[in-house]
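Asks: I am sharing input_37.csv, which consists of CSV, C-alpha atoms:
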```csv
chain,number,residue,atom,x,y,z
W,1,ALA,CA,46.5,-34.9,-6.2
W,2,GLN,CA,47.2,-31.2,-5.8
W,3,ARG,CA,47.3,-28.8,-8.8
W,4,VAL,CA,48.1,-25.1,-9.2
W,5,THR,CA,47.0,-23.2,-12.3
W,6,GLN,CA,48.2,-19.8,-13.4
W,7,PRO,CA,46.2,-19.0,-16.5
W,8,GLU,CA,48.2,-16.1,-17.8
W,9,LYS,CA,51.7,-16.8,-19.1
W,10,LEU,CA,52.4,-13.1,-19.7
W,11,LEU,CA,51.0,-9.9,-18.2
W,12,SER,CA,52.1,-6.6,-19.6
W,13,VAL,CA,51.1,-3.4,-17.9
W,14,PHE,CA,52.2,0.2,-17.8
W,15,LYS,CA,54.0,1.6,-14.8
W,16,GLY,CA,51.5,2.9,-12.2
W,17,ALA,CA,48.7,0.6,-13.5
W,18,PRO,CA,47.2,-2.1,-11.3
W,19,VAL,CA,48.3,-5.6,-11.8
W,20,GLU,CA,46.6,-8.9,-10.8
W,21,LEU,CA,48.1,-12.3,-11.2
W,22,LYS,CA,45.6,-15.2,-11.1
W,23,CYS,CA,46.2,-18.4,-9.3
W,24,ASN,CA,43.7,-21.3,-8.8
W,25,TYR,CA,44.3,-24.5,-7.0
W,26,SER,CA,42.8,-27.9,-6.4
W,27,TYR,CA,43.6,-29.7,-3.2
W,28,SER,CA,41.6,-32.0,-1.0
W,29,GLY,CA,43.2,-30.9,2.2
W,30,SER,CA,43.6,-27.6,4.0
W,31,PRO,CA,45.8,-25.6,1.6
W,32,GLU,CA,48.7,-23.3,2.3
W,33,LEU,CA,49.5,-21.0,-0.6
W,34,PHE,CA,52.6,-19.0,-1.5
W,35,TRP,CA,53.8,-16.6,-4.1
W,36,TYR,CA,57.4,-16.9,-5.2
W,37,VAL,CA,59.2,-14.4,-7.4
W,38,GLN,CA,62.2,-14.8,-9.7
W,39,TYR,CA,63.8,-11.6,-10.9
W,40,SER,CA,66.1,-11.7,-13.9
W,41,ARG,CA,69.4,-13.5,-13.1
W,42,GLN,CA,68.3,-13.9,-9.4
W,43,ARG,CA,67.3,-16.8,-7.3
W,44,LEU,CA,63.8,-17.9,-6.7
W,45,GLN,CA,62.6,-16.2,-3.5
W,46,LEU,CA,59.4,-16.2,-1.4
W,47,LEU,CA,57.3,-13.1,-1.9
W,48,LEU,CA,54.4,-13.8,0.5
W,49,ARG,CA,52.4,-16.6,2.1
W,50,HIS,CA,48.7,-16.6,2.8
W,51,ILE,CA,49.0,-17.3,6.5
W,52,SER,CA,51.0,-14.2,7.0
W,53,ARG,CA,48.3,-11.9,5.6
W,54,GLU,CA,51.0,-9.2,5.0
W,55,SER,CA,51.8,-6.9,2.2
W,56,ILE,CA,55.3,-7.3,0.7
W,57,LYS,CA,56.6,-4.7,-1.8
W,58,GLY,CA,53.0,-3.5,-2.2
W,59,PHE,CA,51.7,-6.9,-3.2
W,60,THR,CA,48.8,-8.6,-1.4
W,61,ALA,CA,47.1,-11.9,-1.9
W,62,ASP,CA,44.0,-13.3,-0.3
W,63,LEU,CA,43.1,-16.9,-0.1
W,64,ASN,CA,39.5,-17.5,-1.3
W,65,LYS,CA,38.6,-21.1,-0.3
W,66,GLY,CA,35.2,-20.8,-2.0
W,67,GLU,CA,36.7,-20.0,-5.3
W,68,THR,CA,39.9,-22.0,-4.6
W,69,SER,CA,42.0,-18.9,-5.6
W,70,PHE,CA,45.0,-17.0,-4.4
W,71,HIS,CA,45.3,-14.1,-6.7
W,72,LEU,CA,48.3,-11.6,-6.3
W,73,LYS,CA,47.5,-7.9,-6.6
W,74,LYS,CA,49.4,-4.6,-6.6
W,75,PRO,CA,47.6,-1.3,-7.1
W,76,PHE,CA,50.4,0.5,-8.8
W,77,ALA,CA,53.0,-1.5,-10.7
W,78,GLN,CA,56.6,-0.4,-10.8
W,79,GLU,CA,59.3,-1.3,-13.4
W,80,GLU,CA,61.2,-3.3,-10.7
W,81,ASP,CA,58.2,-5.6,-10.4
W,82,SER,CA,59.1,-7.1,-13.8
W,83,ALA,CA,59.8,-10.7,-13.0
W,84,MET,CA,58.5,-14.3,-13.2
W,85,TYR,CA,55.9,-15.1,-10.5
W,86,TYR,CA,55.0,-18.5,-9.3
W,87,CYS,CA,52.1,-19.5,-7.2
W,88,ALA,CA,52.8,-22.6,-5.1
W,89,LEU,CA,50.8,-24.9,-2.8
W,90,ARG,CA,52.2,-26.7,0.1
W,91,ALA,CA,51.0,-30.3,0.4
W,92,ALA,CA,52.0,-33.0,2.9
W,93,GLY,CA,55.3,-32.4,4.7
W,94,ASN,CA,56.9,-29.3,3.2
W,95,LYS,CA,56.4,-30.3,-0.5
W,96,LEU,CA,55.7,-27.5,-2.9
W,97,THR,CA,53.7,-27.8,-6.1
W,98,PHE,CA,54.2,-24.8,-8.4
W,99,GLY,CA,52.0,-23.3,-11.0
W,100,GLY,CA,53.2,-22.7,-14.5
W,101,GLY,CA,54.3,-19.1,-13.8
W,102,THR,CA,53.3,-15.7,-15.0
W,103,ARG,CA,55.9,-13.3,-16.5
W,104,VAL,CA,55.1,-9.7,-15.6
W,105,LEU,CA,56.5,-7.0,-17.8
W,106,VAL,CA,56.0,-3.4,-16.5
W,107,LYS,CA,56.5,-0.9,-19.2
W,108,PRO,CA,57.6,2.7,-18.5
Y,1,ASP,CA,75.0,-16.9,6.5
Y,2,THR,CA,71.5,-17.0,5.1
Y,3,GLU,CA,72.2,-18.2,1.6
Y,4,VAL,CA,72.1,-21.5,-0.2
Y,5,THR,CA,75.1,-21.8,-2.5
Y,6,GLN,CA,75.5,-24.1,-5.5
Y,7,THR,CA,78.5,-25.0,-7.6
Y,8,PRO,CA,79.2,-25.0,-10.4
Y,9,LYS,CA,77.1,-22.2,-12.0
Y,10,HIS,CA,77.3,-23.8,-15.4
Y,11,LEU,CA,78.2,-27.3,-16.4
Y,12,VAL,CA,78.5,-28.8,-19.9
Y,13,MET,CA,78.9,-32.6,-20.0
Y,14,GLY,CA,78.8,-35.4,-22.5
Y,15,MET,CA,76.4,-38.3,-22.3
Y,16,THR,CA,79.2,-40.6,-21.1
Y,17,ASN,CA,80.6,-38.3,-18.5
Y,18,LYS,CA,80.2,-38.5,-14.7
Y,19,LYS,CA,79.8,-35.2,-12.9
Y,20,SER,CA,78.4,-33.9,-9.6
Y,21,LEU,CA,76.5,-30.8,-8.5
Y,22,LYS,CA,77.1,-29.4,-5.1
Y,23,CYS,CA,74.8,-27.5,-2.7
Y,24,GLU,CA,75.7,-26.0,0.7
Y,25,GLN,CA,73.8,-24.2,3.4
Y,26,HIS,CA,74.9,-23.0,6.9
Y,27,MET,CA,71.6,-22.0,8.3
Y,28,GLY,CA,71.2,-25.1,10.4
Y,29,HIS,CA,68.4,-26.4,8.1
Y,30,ARG,CA,67.7,-30.1,8.4
Y,31,ALA,CA,65.8,-30.5,5.1
Y,32,MET,CA,67.3,-30.1,1.6
Y,33,TYR,CA,65.8,-30.4,-1.8
Y,34,TRP,CA,66.7,-30.9,-5.4
Y,35,TYR,CA,64.5,-29.4,-8.1
Y,36,LYS,CA,64.7,-29.4,-11.9
Y,37,GLN,CA,63.6,-26.4,-13.9
Y,38,LYS,CA,63.3,-26.5,-17.7
Y,39,ALA,CA,63.2,-23.3,-19.6
Y,40,LYS,CA,60.0,-21.3,-19.1
Y,41,LYS,CA,58.7,-24.0,-16.8
Y,42,PRO,CA,58.2,-24.1,-13.0
Y,43,PRO,CA,60.6,-26.0,-10.7
Y,44,GLU,CA,59.8,-29.7,-10.3
Y,45,LEU,CA,60.7,-31.5,-7.2
Y,46,MET,CA,63.2,-34.4,-7.6
Y,47,PHE,CA,64.4,-35.3,-4.1
Y,48,VAL,CA,64.0,-34.4,-0.5
Y,49,TYR,CA,66.4,-35.1,2.3
Y,50,SER,CA,65.4,-34.8,5.9
Y,51,TYR,CA,68.0,-35.2,8.6
Y,52,GLU,CA,70.4,-36.6,6.0
Y,53,LYS,CA,68.0,-39.3,5.0
Y,54,LEU,CA,66.2,-39.5,1.7
Y,55,SER,CA,62.6,-38.8,2.3
Y,56,ILE,CA,61.2,-38.3,-1.2
Y,57,ASN,CA,62.3,-39.5,-4.6
Y,58,GLU,CA,59.8,-38.3,-7.2
Y,59,SER,CA,60.4,-41.3,-9.5
Y,60,VAL,CA,63.7,-39.7,-10.8
Y,61,PRO,CA,65.7,-41.9,-13.2
Y,62,SER,CA,68.7,-43.6,-11.6
Y,63,ARG,CA,71.1,-41.7,-13.7
Y,64,PHE,CA,70.6,-39.0,-11.1
Y,65,SER,CA,71.9,-40.0,-7.7
Y,66,PRO,CA,71.6,-37.7,-4.7
Y,67,GLU,CA,73.8,-37.8,-1.6
Y,68,CYS,CA,73.7,-35.9,1.7
Y,69,PRO,CA,77.0,-36.4,3.4
Y,70,ASN,CA,76.1,-34.1,6.3
Y,71,SER,CA,73.4,-31.7,7.3
Y,72,SER,CA,75.0,-28.8,5.4
Y,73,LEU,CA,75.9,-30.5,2.1
Y,74,LEU,CA,73.8,-32.0,-0.7
Y,75,ASN,CA,75.2,-33.5,-3.8
Y,76,LEU,CA,73.7,-34.7,-7.0
Y,77,HIS,CA,75.8,-37.2,-8.9
Y,78,LEU,CA,75.1,-37.4,-12.7
Y,79,HIS,CA,76.0,-40.3,-15.0
Y,80,ALA,CA,75.0,-41.2,-18.5
Y,81,LEU,CA,72.6,-38.2,-18.9
Y,82,GLN,CA,70.5,-37.5,-21.9
Y,83,PRO,CA,70.3,-34.2,-23.8
Y,84,GLU,CA,66.7,-33.8,-22.4
Y,85,ASP,CA,68.2,-33.6,-18.9
Y,86,SER,CA,69.6,-30.2,-19.8
Y,87,ALA,CA,68.0,-27.8,-17.4
Y,88,LEU,CA,68.5,-25.5,-14.4
Y,89,TYR,CA,69.0,-27.6,-11.2
Y,90,LEU,CA,67.9,-25.8,-8.1
Y,91,CYS,CA,68.8,-26.7,-4.5
Y,92,ALA,CA,66.7,-25.5,-1.6
Y,93,SER,CA,66.7,-25.9,2.1
Y,94,SER,CA,64.3,-25.4,4.9
Y,95,GLN,CA,64.3,-25.7,8.7
Y,96,ALA,CA,62.6,-29.1,8.6
Y,97,TYR,CA,60.4,-31.4,6.5
Y,98,GLY,CA,57.6,-33.6,7.7
Y,99,GLN,CA,53.9,-33.8,8.6
Y,100,GLY,CA,52.5,-30.6,9.9
Y,101,THR,CA,55.6,-28.6,9.0
Y,102,SER,CA,55.5,-25.4,7.1
Y,103,TYR,CA,58.8,-23.8,6.7
Y,104,GLU,CA,60.0,-21.4,4.1
Y,105,GLN,CA,62.3,-23.0,1.4
Y,106,TYR,CA,65.4,-21.0,0.6
Y,107,PHE,CA,66.6,-21.5,-3.0
Y,108,GLY,CA,70.1,-21.5,-4.4
Y,109,PRO,CA,70.9,-19.8,-7.7
Y,110,GLY,CA,71.0,-23.0,-9.5
Y,111,THR,CA,73.4,-24.9,-11.8
Y,112,ARG,CA,72.7,-24.6,-15.5
Y,113,LEU,CA,73.4,-28.0,-17.0
Y,114,THR,CA,73.8,-28.7,-20.7
Y,115,VAL,CA,74.2,-32.3,-21.8
Y,116,THR,CA,75.7,-32.7,-25.3
```
Before we go any further, please render this structure as structure tokens.
Replies:
Amino acid sequence: AQRVTQPEKLLSVFKGAPVELKCNYSYSGSPELFWYVQYSRQRLQLLLRHISRESIKGFTADLNKGETSFHLKKPFAQEEDSAMYYCALRAAGNKLTFGGGTRVLVKP
Amino acid sequence: DTEVTQTPKHLVMGMTNKKSLKCEQHMGHRAMYWYKQKAKKPPELMFVYSYEKLSINESVPSRFSPECPNSSLLNLHLHALQPEDSALYLCASSQAYGQGTSYEQYFGPGTRLTVT
């Protein structure tokens, strides 16, 4: 069975500092990983997916199959990045398994 | 229209009540999902409909009864719920569902359900 682990429940950083959200997964097949974000009082939305290999809002994430990780990084955090972030793995079909989530708080 | 809408936004119901949650999308998506999200927890999949047919039921208790009357609409009928069923219920849709598919899921804002 697939599993997604986000070890940090809360990350607090100052504005302008780098931020890295950790995500580790276990899956016997070929994984497809995503990062979803949920801003306060807003709906859950896709931030980025590993197959796109793009940067969204300054965030990047690289799939490391050797370490079974998909960490999310941003070199300079902004206050508007404060939100709940979920790492998710797509298994058979289009079924998503979410990690426990990491709350990011960017302080001024 | 690129949004998934859900009604009502909030619902308070007693354990003997019967109520329904509604979800709608007009993006032409053929897969629709129900998730349950408890406070400070990730969303957990409950049901998946593909082409108006139930594809996945994640061992959800029968007091939750999904219905997909057409490709744009998804309902969740609630009956005899327990207080522990209080949660945010999220609906999502995607272009399709099935082996080899990988489509972005678009989420609705959710219905916050409180069972008293």
Asks: Taking (69.3, -18.5, -6.7) in the file's coordinates, which residues come within 9 Å, counting only C-alpha atoms, written as a list of chain:residue names?
Replies: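 Within 9 Å of (69.3, -18.5, -6.7), the protein and nucleic acid residues are W:Gln38, W:Arg41, W:Gln42, W:Arg43, W:Leu44, W:Gln45, Y:Glu3, Y:Val4, Y:Thr5, Y:Gln6, Y:Leu90, Y:Cys91, Y:Tyr106, Y:Phe107, Y:Gly108, Y:Pro109, Y:Gly110.
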Asks: For atom CA of Phe34 of chain W and atom CA of Tyr35 of chain Y, determine how far apart the two atoms are, in Å to one decimal place.
Replies: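 Result for atom CA of Phe34 of chain W versus atom CA of Tyr35 of chain Y: 17.1 Å, one decimal.
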Asks: Atom CA of Ala31 of chain Y to atom CA of Lys53 of chain Y: how many Å, to one decimal?
Replies: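 Going from atom CA of Ala31 of chain Y over to atom CA of Lys53 of chain Y covers 9.1 Å.
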Asks: From the options Y:Tyr49, Y:Tyr89, Y:Arg63, Y:Thr111, which residue's atoms come nearest to Thr7 of chain Y, counting all atoms listed in the file?
Replies: Y:Thr111
Asks: Neighbours of Ser93 of chain Y within 10 Å (only C-alpha atoms; same-chain residues fewer than 2 positions away dropped), as a PyMOL selection string?
Replies: chain Y and resi 3-4+23-34+48-50+72+74+91+95-97+103-108
Asks: Distance atom CA of Ser102 of chain Y-atom CA of Gly100 of chain W, one decimal place?
Replies: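 For atom CA of Ser102 of chain Y relative to atom CA of Gly100 of chain W, the distance reads 21.9 Å.
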Asks: Near segment 78-82 of chain W, within 8 Å and counting only C-alpha atoms, which residues show up once chain neighbours fewer than 4 positions away are dropped, as a ChimeraX atom specification?
Replies: /W:15-16,39,103-108
Asks: Which residue, Y:Lys19, Y:His79, Y:Lys40, Y:Arg112, has the smallest gap to chain W when you use only C-alpha atoms?
Replies: Y:Lys40
Asks: Can you work out which one of W:Val4, W:Cys87, W:Leu48, W:Ala92 has the shortest atom-to-atom distance to Ile56 of chain Y, counting all atoms listed in the file?
Replies: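 Using all atoms listed in the file, the shortest distance to Ile56 of chain Y belongs to W:Ala92.
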Asks: Which residue out of W:Asn94, W:Gly99, W:Glu32, W:Asn24 has the minimum interatomic distance to Ser52 of chain W when only C-alpha atoms are used?
Replies: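 Smallest distance to Ser52 of chain W is found for W:Glu32.
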Asks: Might you pull out every residue within 12 Å of Ser59 of chain Y, with only C-alpha atoms counted and same-chain residues fewer than 3 positions away left off, and present them as number ranges by chain?
Replies: Y: 44-48, 56, 62-65
Asks: Using all atoms listed in the file, which of W:Trp35, W:Phe76, W:Phe70, W:Phe59 sits nearest chain Y?
Replies: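 Ranking W:Trp35, W:Phe76, W:Phe70, W:Phe59 by distance to chain Y, first place goes to W:Trp35.
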Asks: Starting from the incomplete input, reconstruct N, CA, C and O atoms of segment 48-62 of chain W and write that as a compact mmCIF listing (two decimals), in the coordinates of the input.
Replies:
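This went into selection.txt:
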```txt
# COMPACT_ATOMS: atom_id res chain seq x y z
N LEU W 48 55.32 -13.86 -0.67
CA LEU W 48 54.40 -13.80 0.50
C LEU W 48 53.71 -15.17 0.60
O LEU W 48 53.67 -15.99 -0.32
N ARG W 49 53.15 -15.39 1.79
CA ARG W 49 52.40 -16.60 2.10
C ARG W 49 51.08 -16.22 2.69
O ARG W 49 50.98 -15.21 3.39
N HIS W 50 50.07 -17.02 2.44
CA HIS W 50 48.70 -16.60 2.80
C HIS W 50 48.53 -16.51 4.31
O HIS W 50 47.78 -15.67 4.79
N ILE W 51 49.24 -17.33 5.07
CA ILE W 51 49.00 -17.30 6.50
C ILE W 51 49.54 -16.06 7.16
O ILE W 51 49.13 -15.70 8.26
N SER W 52 50.46 -15.37 6.46
CA SER W 52 51.00 -14.20 7.00
C SER W 52 50.10 -12.97 6.91
O SER W 52 50.17 -12.04 7.70
N ARG W 53 49.29 -12.99 5.87
CA ARG W 53 48.30 -11.90 5.60
C ARG W 53 49.04 -10.54 5.63
O ARG W 53 48.56 -9.59 6.22
N GLU W 54 50.22 -10.48 5.02
CA GLU W 54 51.00 -9.20 5.00
C GLU W 54 51.13 -8.73 3.60
O GLU W 54 50.88 -9.43 2.63
N SER W 55 51.56 -7.47 3.50
CA SER W 55 51.80 -6.90 2.20
C SER W 55 53.35 -6.77 2.04
O SER W 55 54.03 -6.24 2.91
N ILE W 56 53.86 -7.32 0.94
CA ILE W 56 55.30 -7.30 0.70
C ILE W 56 55.50 -6.54 -0.64
O ILE W 56 54.89 -6.88 -1.65
N LYS W 57 56.32 -5.50 -0.63
CA LYS W 57 56.60 -4.70 -1.80
C LYS W 57 55.32 -4.21 -2.48
O LYS W 57 55.24 -4.07 -3.70
N GLY W 58 54.30 -3.97 -1.66
CA GLY W 58 53.00 -3.50 -2.20
C GLY W 58 52.10 -4.53 -2.70
O GLY W 58 50.98 -4.23 -3.10
N PHE W 59 52.54 -5.78 -2.69
CA PHE W 59 51.70 -6.90 -3.20
C PHE W 59 50.90 -7.47 -2.00
O PHE W 59 51.38 -7.57 -0.88
N THR W 60 49.68 -7.87 -2.32
CA THR W 60 48.80 -8.60 -1.40
C THR W 60 48.20 -9.77 -2.10
O THR W 60 48.08 -9.77 -3.34
N ALA W 61 47.80 -10.76 -1.33
CA ALA W 61 47.10 -11.90 -1.90
C ALA W 61 46.17 -12.45 -0.84
O ALA W 61 46.55 -12.58 0.32
N ASP W 62 44.96 -12.74 -1.24
CA ASP W 62 44.00 -13.30 -0.30
C ASP W 62 43.55 -14.66 -0.75
O ASP W 62 43.23 -14.89 -1.93
```
